[in-house]
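final-v1.txt follows (compact mmCIF, C-alpha atoms):
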# COMPACT_ATOMS: atom_id res chain seq x y z
CA MET A 1 268.97 84.42 236.37
CA THR A 2 267.90 88.04 236.16
CA ARG A 3 264.30 88.68 235.22
CA THR A 4 263.03 92.05 234.06
CA VAL A 5 259.77 92.67 235.87
CA TYR A 6 257.17 95.42 235.55
CA ASN A 7 255.58 95.48 239.01
CA THR A 8 252.87 98.05 239.64
CA ALA A 9 249.56 98.74 241.28
CA THR A 10 246.66 99.35 238.94
CA THR A 11 242.98 100.19 239.07
CA LEU A 12 240.61 97.45 237.93
CA ASP A 13 240.18 99.39 234.68
CA GLY A 14 243.89 99.52 233.94
CA PHE A 15 245.19 102.87 235.13
CA ILE A 16 248.31 103.37 237.24
CA ALA A 17 247.58 107.01 238.10
CA THR A 18 244.88 109.57 237.50
CA SER A 19 245.27 112.06 234.66
CA ASP A 20 246.70 114.57 237.14
CA HIS A 21 249.24 112.04 238.50
CA SER A 22 247.36 111.30 241.71
CA LEU A 23 247.69 107.97 243.49
CA ASP A 24 245.06 108.76 246.12
CA TRP A 25 242.95 105.87 244.79
CA LEU A 26 245.87 103.60 245.70
CA LEU A 27 247.36 104.99 248.89
CA SER A 28 244.06 104.78 250.74
CA ARG A 29 243.92 100.97 250.43
CA GLN A 30 244.53 98.33 253.07
CA ILE A 31 247.29 95.78 252.41
CA ASP A 32 249.18 93.35 254.63
CA GLN A 33 252.86 94.33 254.27
CA ASN A 34 253.81 90.77 255.23
CA GLY A 35 251.01 89.11 253.29
CA PRO A 36 251.16 87.09 250.07
CA MET A 37 252.98 88.70 247.13
CA ASN A 38 253.97 91.63 249.34
CA HIS A 39 256.25 94.32 248.03
CA ALA A 40 259.07 93.85 250.51
CA ASP A 41 259.63 90.27 249.35
CA PHE A 42 259.56 91.44 245.75
CA GLU A 43 262.11 94.19 246.40
CA LYS A 44 264.51 91.73 248.06
CA ARG A 45 264.94 90.08 244.68
CA VAL A 46 265.57 93.37 242.88
CA GLY A 47 269.11 94.47 242.00
CA ALA A 48 268.41 97.43 239.72
CA ILE A 49 265.45 99.66 238.98
CA VAL A 50 264.35 101.80 236.05
CA MET A 51 261.59 104.37 235.73
CA GLY A 52 260.33 107.12 233.45
CA SER A 53 260.42 110.81 234.29
CA SER A 54 256.79 111.07 235.45
CA THR A 55 257.29 108.26 237.93
CA TYR A 56 260.57 109.77 239.09
CA ARG A 57 259.06 113.21 239.61
CA TRP A 58 256.16 111.68 241.52
CA VAL A 59 258.54 109.87 243.88
CA ARG A 60 260.68 113.00 244.37
CA GLU A 61 257.67 115.20 245.05
CA HIS A 62 256.07 112.79 247.49
CA GLU A 63 259.26 111.74 249.26
CA PRO A 64 261.46 114.81 248.89
CA GLU A 65 263.67 114.06 251.91
CA SER A 66 264.64 110.50 251.12
CA TRP A 67 265.26 108.03 248.34
CA ALA A 68 263.68 104.68 249.08
CA TYR A 69 265.99 102.50 246.99
CA SER A 70 269.50 101.30 247.72
CA MET A 71 269.98 99.58 244.37
CA PRO A 72 271.25 101.33 241.22
CA ALA A 73 268.49 103.28 239.52
CA TRP A 74 268.00 104.57 235.98
CA VAL A 75 265.62 107.32 234.96
CA LEU A 76 264.86 107.26 231.24
CA THR A 77 263.95 110.66 229.90
CA HIS A 78 264.74 113.31 227.31
CA ARG A 79 264.24 115.99 229.91
CA GLN A 80 267.30 118.04 230.81
CA ASP A 81 265.88 119.44 234.04
CA LEU A 82 265.83 116.35 236.23
CA GLU A 83 268.35 116.13 239.03
CA PRO A 84 269.31 112.95 240.82
CA HIS A 85 268.49 112.78 244.50
CA PRO A 86 271.68 113.76 246.39
CA GLY A 87 273.66 110.73 247.50
CA ALA A 88 271.52 108.25 245.58
CA ASP A 89 272.80 106.03 242.79
CA ILE A 90 270.62 107.44 240.02
CA ARG A 91 271.60 107.65 236.36
CA ILE A 92 269.48 109.97 234.25
CA THR A 93 269.67 109.10 230.59
CA ALA A 94 267.73 108.74 227.34
CA ALA A 95 267.41 105.51 225.41
CA ASP A 96 265.81 106.54 222.16
CA THR A 97 265.76 103.32 220.24
CA PRO A 98 265.20 99.64 220.94
CA GLU A 99 268.95 99.19 220.31
CA ALA A 100 269.87 101.85 222.88
CA LEU A 101 267.40 100.36 225.35
CA THR A 102 268.87 96.91 224.80
CA ALA A 103 272.40 98.22 225.44
CA LEU A 104 271.21 99.99 228.58
CA HIS A 105 269.39 96.87 229.70
CA THR A 106 272.62 94.89 229.46
CA GLU A 107 274.16 97.47 231.79
CA MET A 108 271.24 97.17 234.21
CA VAL A 109 271.40 93.38 234.25
CA ALA A 110 275.13 93.57 235.03
CA ALA A 111 274.46 96.06 237.83
CA ALA A 112 271.70 93.83 239.22
CA GLY A 113 274.29 91.14 239.94
CA GLY A 114 271.99 88.17 239.44
CA ARG A 115 268.99 89.87 241.01
CA ASP A 116 266.02 91.17 239.03
CA VAL A 117 265.52 94.42 237.15
CA TRP A 118 262.38 96.22 238.27
CA VAL A 119 260.59 98.40 235.74
CA VAL A 120 258.82 100.72 238.20
CA GLY A 121 256.79 102.55 235.53
CA GLY A 122 255.12 104.12 233.78
CA GLY A 123 253.19 102.04 231.32
CA ASP A 124 254.85 103.36 228.21
CA LEU A 125 258.31 102.60 229.56
CA ALA A 126 257.19 99.04 230.30
CA GLY A 127 255.84 98.98 226.75
CA GLN A 128 259.22 100.03 225.36
CA PHE A 129 260.85 97.15 227.22
CA ALA A 130 258.17 94.81 225.85
CA ASP A 131 258.66 96.15 222.31
CA ALA A 132 262.37 95.38 222.55
CA GLY A 133 261.68 91.85 223.82
CA LEU A 134 263.26 92.71 227.19
CA LEU A 135 260.25 92.36 229.49
CA ASP A 136 259.96 88.97 231.22
CA GLU A 137 257.17 89.47 233.74
CA VAL A 138 254.25 91.70 234.67
CA VAL A 139 253.12 91.78 238.31
CA VAL A 140 249.98 93.72 239.16
CA SER A 141 248.25 94.59 242.40
CA ILE A 142 244.70 95.37 241.36
CA ALA A 143 242.91 97.92 243.54
CA PRO A 144 239.12 97.68 243.94
CA VAL A 145 238.24 100.79 241.99
CA THR A 146 237.66 102.06 238.49
CA ILE A 147 238.64 105.64 237.66
CA GLY A 148 237.71 105.83 233.97
CA ALA A 149 240.76 107.76 232.75
CA GLY A 150 244.42 108.22 233.57
CA ALA A 151 247.88 106.86 232.86
CA PRO A 152 247.53 103.48 231.13
CA LEU A 153 248.88 100.28 232.68
CA LEU A 154 250.60 98.97 229.55
CA PRO A 155 249.57 100.62 226.27
CA ARG A 156 250.55 97.69 224.06
CA HIS A 157 249.30 94.30 222.94
CA VAL A 158 251.15 91.95 225.27
CA GLU A 159 250.22 88.29 225.68
CA LEU A 160 250.63 86.94 229.21
CA VAL A 161 250.61 83.64 231.09
CA ARG A 162 249.58 83.66 234.74
CA THR A 163 252.19 82.12 237.07
CA GLU A 164 251.09 83.24 240.56
CA TRP A 165 248.17 84.97 242.18
CA ALA A 166 246.97 85.94 245.63
CA VAL A 167 244.61 88.15 247.52
CA ASN A 168 246.27 90.62 249.90
CA GLY A 169 244.11 93.08 251.82
CA GLU A 170 241.96 94.95 249.32
CA PHE A 171 244.13 93.87 246.39
CA VAL A 172 244.10 91.01 243.93
CA CYS A 173 247.74 90.36 242.99
CA VAL A 174 248.72 88.48 239.84
CA ARG A 175 252.07 87.57 238.35
CA TYR A 176 252.37 86.88 234.62
CA ASP A 177 255.13 85.76 232.30
CA VAL A 178 255.32 87.79 229.10
CA VAL A 179 254.88 85.64 225.97
CA LYS A 180 257.68 86.69 223.66
CA ALA A 181 257.17 86.69 219.92
CA MET B 1 216.52 89.98 246.41
CA THR B 2 217.37 91.08 242.91
CA ARG B 3 220.89 92.35 242.37
CA THR B 4 221.90 94.34 239.30
CA VAL B 5 225.20 92.91 238.12
CA TYR B 6 227.62 94.02 235.43
CA ASN B 7 229.37 90.78 234.47
CA THR B 8 231.95 90.90 231.71
CA ALA B 9 235.29 89.65 230.51
CA THR B 10 238.05 92.22 230.36
CA THR B 11 241.68 92.49 229.36
CA LEU B 12 244.14 93.10 232.18
CA ASP B 13 244.32 96.73 231.05
CA GLY B 14 240.57 97.27 231.26
CA PHE B 15 239.14 96.83 227.78
CA ILE B 16 236.09 94.74 226.94
CA ALA B 17 236.67 94.80 223.16
CA THR B 18 239.21 96.13 220.70
CA SER B 19 238.55 99.45 218.98
CA ASP B 20 237.09 97.54 216.02
CA HIS B 21 234.75 95.49 218.26
CA SER B 22 236.81 92.31 218.13
CA LEU B 23 236.73 89.78 220.96
CA ASP B 24 239.43 87.55 219.45
CA TRP B 25 241.64 88.29 222.50
CA LEU B 26 238.88 86.71 224.60
CA LEU B 27 237.46 83.86 222.56
CA SER B 28 240.85 82.19 222.17
CA ARG B 29 241.19 81.60 225.93
CA GLN B 30 240.86 78.39 227.90
CA ILE B 31 238.22 78.27 230.63
CA ASP B 32 236.55 75.44 232.55
CA GLN B 33 232.81 75.82 231.85
CA ASN B 34 232.10 73.99 235.10
CA GLY B 35 234.90 75.66 237.06
CA PRO B 36 234.71 78.30 239.79
CA MET B 37 232.68 81.42 239.01
CA ASN B 38 231.62 79.91 235.69
CA HIS B 39 229.14 81.70 233.48
CA ALA B 40 226.46 79.00 233.45
CA ASP B 41 226.06 79.27 237.23
CA PHE B 42 225.90 83.04 236.96
CA GLU B 43 223.24 82.93 234.24
CA LYS B 44 221.05 80.59 236.32
CA ARG B 45 220.55 83.44 238.77
CA VAL B 46 219.67 85.95 236.02
CA GLY B 47 216.04 86.87 235.34
CA ALA B 48 216.47 89.82 232.97
CA ILE B 49 219.28 91.24 230.85
CA VAL B 50 220.12 94.65 229.43
CA MET B 51 222.74 95.71 226.91
CA GLY B 52 223.74 98.64 224.72
CA SER B 53 223.49 98.70 220.95
CA SER B 54 227.15 97.83 220.27
CA THR B 55 226.90 94.73 222.42
CA TYR B 56 223.60 93.78 220.81
CA ARG B 57 224.93 94.17 217.29
CA TRP B 58 228.01 92.12 218.19
CA VAL B 59 225.82 89.28 219.48
CA ARG B 60 223.53 89.44 216.43
CA GLU B 61 226.45 89.45 213.99
CA HIS B 62 228.29 86.61 215.67
CA GLU B 63 225.25 84.45 216.42
CA PRO B 64 222.87 85.43 213.62
CA GLU B 65 220.84 82.19 213.71
CA SER B 66 220.02 82.05 217.39
CA TRP B 67 219.40 84.13 220.49
CA ALA B 68 221.20 82.71 223.50
CA TYR B 69 218.93 84.10 226.20
CA SER B 70 215.52 82.91 227.35
CA MET B 71 214.99 85.72 229.86
CA PRO B 72 213.49 89.13 228.95
CA ALA B 73 216.08 91.40 227.36
CA TRP B 74 216.35 95.14 226.93
CA VAL B 75 218.52 96.93 224.39
CA LEU B 76 219.11 100.56 225.31
CA THR B 77 219.75 102.72 222.28
CA HIS B 78 218.69 105.79 220.37
CA ARG B 79 219.18 103.95 217.12
CA GLN B 80 216.05 103.39 215.03
CA ASP B 81 217.54 100.65 212.86
CA LEU B 82 217.86 97.79 215.32
CA GLU B 83 215.48 94.89 214.99
CA PRO B 84 214.78 92.36 217.70
CA HIS B 85 215.77 88.80 216.95
CA PRO B 86 212.62 87.03 215.67
CA GLY B 87 210.86 85.10 218.42
CA ALA B 88 213.04 86.51 221.20
CA ASP B 89 211.75 88.63 224.07
CA ILE B 90 213.73 91.78 223.29
CA ARG B 91 212.57 95.32 224.00
CA ILE B 92 214.49 98.03 222.16
CA THR B 93 214.16 101.37 223.89
CA ALA B 94 215.98 104.54 224.93
CA ALA B 95 216.39 105.67 228.52
CA ASP B 96 217.80 109.16 228.23
CA THR B 97 217.96 110.27 231.81
CA PRO B 98 218.76 108.75 235.19
CA GLU B 99 215.02 109.03 235.94
CA ALA B 100 214.07 107.12 232.79
CA LEU B 101 216.71 104.50 233.53
CA THR B 102 215.40 104.14 237.08
CA ALA B 103 211.85 103.63 235.80
CA LEU B 104 213.07 101.08 233.27
CA HIS B 105 215.12 99.35 235.97
CA THR B 106 211.98 98.93 238.08
CA GLU B 107 210.40 97.19 235.08
CA MET B 108 213.45 94.94 234.67
CA VAL B 109 213.48 94.00 238.34
CA ALA B 110 209.78 93.08 238.13
CA ALA B 111 210.45 90.98 235.02
CA ALA B 112 213.38 89.27 236.72
CA GLY B 113 210.97 87.78 239.27
CA GLY B 114 213.40 87.72 242.17
CA ARG B 115 216.37 86.76 240.02
CA ASP B 116 219.19 89.14 239.11
CA VAL B 117 219.42 91.77 236.37
CA TRP B 118 222.51 91.28 234.22
CA VAL B 119 224.06 94.36 232.63
CA VAL B 120 225.81 92.61 229.73
CA GLY B 121 227.64 95.70 228.49
CA GLY B 122 229.12 97.88 227.35
CA GLY B 123 231.05 99.89 229.84
CA ASP B 124 229.18 103.14 229.37
CA LEU B 125 225.83 101.46 229.94
CA ALA B 126 227.18 99.96 233.16
CA GLY B 127 228.39 103.47 234.01
CA GLN B 128 224.89 104.88 233.47
CA PHE B 129 223.51 102.30 235.90
CA ALA B 130 226.25 103.22 238.38
CA ASP B 131 225.53 106.95 237.95
CA ALA B 132 221.89 106.33 238.79
CA GLY B 133 222.82 104.30 241.89
CA LEU B 134 221.34 101.16 240.33
CA LEU B 135 224.47 99.01 239.98
CA ASP B 136 225.02 96.54 242.83
CA GLU B 137 227.88 94.36 241.62
CA VAL B 138 230.71 94.16 239.11
CA VAL B 139 231.99 90.71 238.12
CA VAL B 140 235.06 90.51 235.90
CA SER B 141 236.87 87.65 234.22
CA ILE B 142 240.32 89.06 233.57
CA ALA B 143 242.07 87.63 230.49
CA PRO B 144 245.88 87.39 230.47
CA VAL B 145 246.50 90.07 227.88
CA THR B 146 246.85 93.80 227.46
CA ILE B 147 245.63 95.39 224.22
CA GLY B 148 246.41 99.06 224.85
CA ALA B 149 243.21 100.53 223.42
CA GLY B 150 239.56 99.64 222.93
CA ALA B 151 236.17 99.82 224.56
CA PRO B 152 236.61 100.72 228.24
CA LEU B 153 235.49 98.39 231.03
CA LEU B 154 233.73 101.03 233.12
CA PRO B 155 234.51 104.67 232.28
CA ARG B 156 233.61 106.07 235.68
CA HIS B 157 234.99 106.44 239.18
CA VAL B 158 233.39 103.50 241.00
CA GLU B 159 234.54 102.28 244.40
CA LEU B 160 234.34 98.53 244.88
CA VAL B 161 234.62 95.94 247.64
CA ARG B 162 235.79 92.46 246.70
CA THR B 163 233.39 89.68 247.75
CA GLU B 164 234.56 86.62 245.76
CA TRP B 165 237.54 85.60 243.64
CA ALA B 166 238.76 82.56 241.79
CA VAL B 167 241.06 81.37 239.08
CA ASN B 168 239.38 79.56 236.20
CA GLY B 169 241.50 78.40 233.27
CA GLU B 170 243.44 81.37 231.96
CA PHE B 171 241.20 83.84 233.80
CA VAL B 172 241.28 85.57 237.15
CA CYS B 173 237.65 86.12 238.17
CA VAL B 174 236.62 88.67 240.79
CA ARG B 175 233.25 89.74 242.15
CA TYR B 176 232.85 93.18 243.72
CA ASP B 177 230.05 95.00 245.49
CA VAL B 178 229.61 98.58 244.30
CA VAL B 179 230.04 101.13 247.10
CA LYS B 180 227.08 103.45 246.76
CA ALA B 181 227.40 107.13 247.64
Transcribe the structure of this file into structure tokens.
Amino acid sequence: MTRTVYNTATTLDGFIATSDHSLDWLLSRQIDQNGPMNHADFEKRVGAIVMGSSTYRWVREHEPESWAYSMPAWVLTHRQDLEPHPGADIRITAADTPEALTALHTEMVAAAGGRDVWVVGGGDLAGQFADAGLLDEVVVSIAPVTIGAGAPLLPRHVELVRTEWAVNGEFVCVRYDVVKA
Amino acid sequence: MTRTVYNTATTLDGFIATSDHSLDWLLSRQIDQNGPMNHADFEKRVGAIVMGSSTYRWVREHEPESWAYSMPAWVLTHRQDLEPHPGADIRITAADTPEALTALHTEMVAAAGGRDVWVVGGGDLAGQFADAGLLDEVVVSIAPVTIGAGAPLLPRHVELVRTEWAVNGEFVCVRYDVVKA
């Protein structure tokens, strides 16, 4: 059964990027790519991905020559100036309301073909999925650093239940089920 | 050798209290008081404690009849209206500068008699200790919840190295050494 999963790295104080969109605090860290709760194993279970415009622009700027994902991707934004990466299966769209997001989510689940939907980020997009009752899991890789300000992990009240955890390299990784109202 | 340790519970998104000083998100959680990284074992190694005025007022309001700590305590504040709990060893003082904090820290270390100094909170006080190069460790008990806003865990850039970790009840507990510049 498809699960909708927000999987992200975060600082210990709950930021997924600095205020100026830097991930230097993250990319400098040691992790075992084959270790427990590694990202490759996670991605194998993913059949569709969705991200906000900031996340999309970050990926495009930092990997301008390639698109890392073979699965169908959605970028949720009101911006008119975003272009899909050539040759990639990327749908740029807005989903203004919980109803629109729910309809789009149905589309994503169908596209995922029994695999999971990965909410790549950012935090507010994950929050919109949570608000609409569509978010099933939160998976965090916690880096050993506080940065004091930045883009918030998940700017909502969301109750969680831990289902898995591991240490991998410098990270503490935890998987949670979202408690739905 | 005395270590100066900021030990606190936090939400997954890095808040130690809600914006209106509530800890309801924390106090509702299950934890094994005798389990790994439990607080009683931590407190046995503590010889002096220090907290800011918000933390102090929270403790006084929620435990008006008693004072939970037998070791010497400092409350760092500019406020003139705080009174020590009757019969408790509480010194209310301001330490305006890194130099003043360093001098006060020397006093705390002496009072701790070889045990540790516990920075109870809040986050900015822990940050002041970090700024002055006086913070040795950060210990967090991460509750399975995000709240989206509130009092920040540690509003600074602080690099950390994980030294211990455990799951206890609903919490993920992690101990870090502070990387000093």
Query - Within 9 Å of chain A: residues of chain B, using only C-alpha atoms, as number ranges by chain - result: B: 10-15, 143-149, 152-162, 165, 167, 170-172, 174, 176
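Between B:Met71 and the residues B:His39, B:Arg3, B:Arg91, B:Arg29, the shortest atom-to-atom distance, using all atoms listed in the file, involves B:Arg91.
Picture a line from atom CA of A:Tyr69 to atom CA of A:Ala110; it runs 17.5 Å.
Atom pair atom CA of B:Gly52 / atom CA of B:Gly121: separated by 6.2 Å.
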Report task. May I ask which of the residues B:Ala126, B:Leu134, B:Ile31, B:Ala94 is the closest one to B:Trp74, counting only C-alpha atoms? Result -> B:Ala94
Query raised in the report: Which residues come within 8 Å of A:Thr4, counting only C-alpha atoms, excluding same-chain residues fewer than 5 positions away, as number ranges by chain?
Result: A: 116-119, 134-137
Report task. Please provide as a PyMOL selection string all residues within 10 Å of B:Glu83, with the sequence filter that same-chain residues fewer than 6 positions apart are discarded (counting all atoms listed in the file). Result -> chain B and resi 57+60+90-92
With C-alpha atoms kept, could you save the residues just selected as a compact mmCIF listing (two decimals), in the coordinates of the input?
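Output below, filename selection_25.txt:
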# COMPACT_ATOMS: atom_id res chain seq x y z
CA ARG B 57 224.93 94.17 217.29
CA ARG B 60 223.53 89.44 216.43
CA ILE B 90 213.73 91.78 223.29
CA ARG B 91 212.57 95.32 224.00
CA ILE B 92 214.49 98.03 222.16
Query - For A:Asp124, the nearest of the candidates A:Val139, A:Val5, A:Met51, A:Ala103, counting all atoms listed in the file - result: A:Met51
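Computed from the coordinates, the atom CA of A:Pro86 to atom CA of A:Glu65 distance equals 9.7 Å.
Neighbourhood of point (218.7, 111.1, 228.5): residues with an atom at most 12 Å away, counting only C-alpha atoms, are Leu76, Thr77, His78, Thr93, Ala94, Ala95, Asp96, Thr97, Pro98, Glu99, Ala100, Leu101, Thr102, Gln128 and Ala132 of chain B.
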Written file, previous selection with C-alpha atoms, as a short mmCIF file (atom, residue, chain, number, x, y, z; two decimals), keeping the file's coordinate frame:
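Saved to out-v7.cif:
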data_model
loop_
_atom_site.label_atom_id
_atom_site.label_comp_id
_atom_site.auth_asym_id
_atom_site.auth_seq_id
_atom_site.Cartn_x
_atom_site.Cartn_y
_atom_site.Cartn_z
CA LEU B 76 219.11 100.56 225.31
CA THR B 77 219.75 102.72 222.28
CA HIS B 78 218.69 105.79 220.37
CA THR B 93 214.16 101.37 223.89
CA ALA B 94 215.98 104.54 224.93
CA ALA B 95 216.39 105.67 228.52
CA ASP B 96 217.80 109.16 228.23
CA THR B 97 217.96 110.27 231.81
CA PRO B 98 218.76 108.75 235.19
CA GLU B 99 215.02 109.03 235.94
CA ALA B 100 214.07 107.12 232.79
CA LEU B 101 216.71 104.50 233.53
CA THR B 102 215.40 104.14 237.08
CA GLN B 128 224.89 104.88 233.47
CA ALA B 132 221.89 106.33 238.79
#
Report task. May I have the residues within 12 Å of A:Gly87 as a ChimeraX atom specification, using all atoms listed in the file and disregarding those fewer than 5 positions away in the same chain? Result -> /A:65-70,72
Six-sided padding of 6 Å per side, axis-aligned box over stretch 15-23 of chain A, centre and edges in Å, one decimal, as AutoDock Vina command-line options:
--center_x 247.1 --center_y 108.7 --center_z 239.1 --size_x 16.4 --size_y 23.7 --size_z 20.8
Query raised in the report: Can you find the residues with an atom no farther than 12 Å from (246.8, 115.5, 238.5), counting all atoms listed in the file, and report them as a VMD selection string?
Result: chain A and resid 17 to 24 54 58 149 to 151
Requested in this report: Determine, counting only C-alpha atoms, which protein, DNA and RNA residues have an atom within 8 Å of an atom of B:Met108; residues of the same chain fewer than 3 positions away are not included. Present the result as JSON, numbers by chain.
Outcome: {"B": [48, 49, 104, 105, 111, 112, 117]}
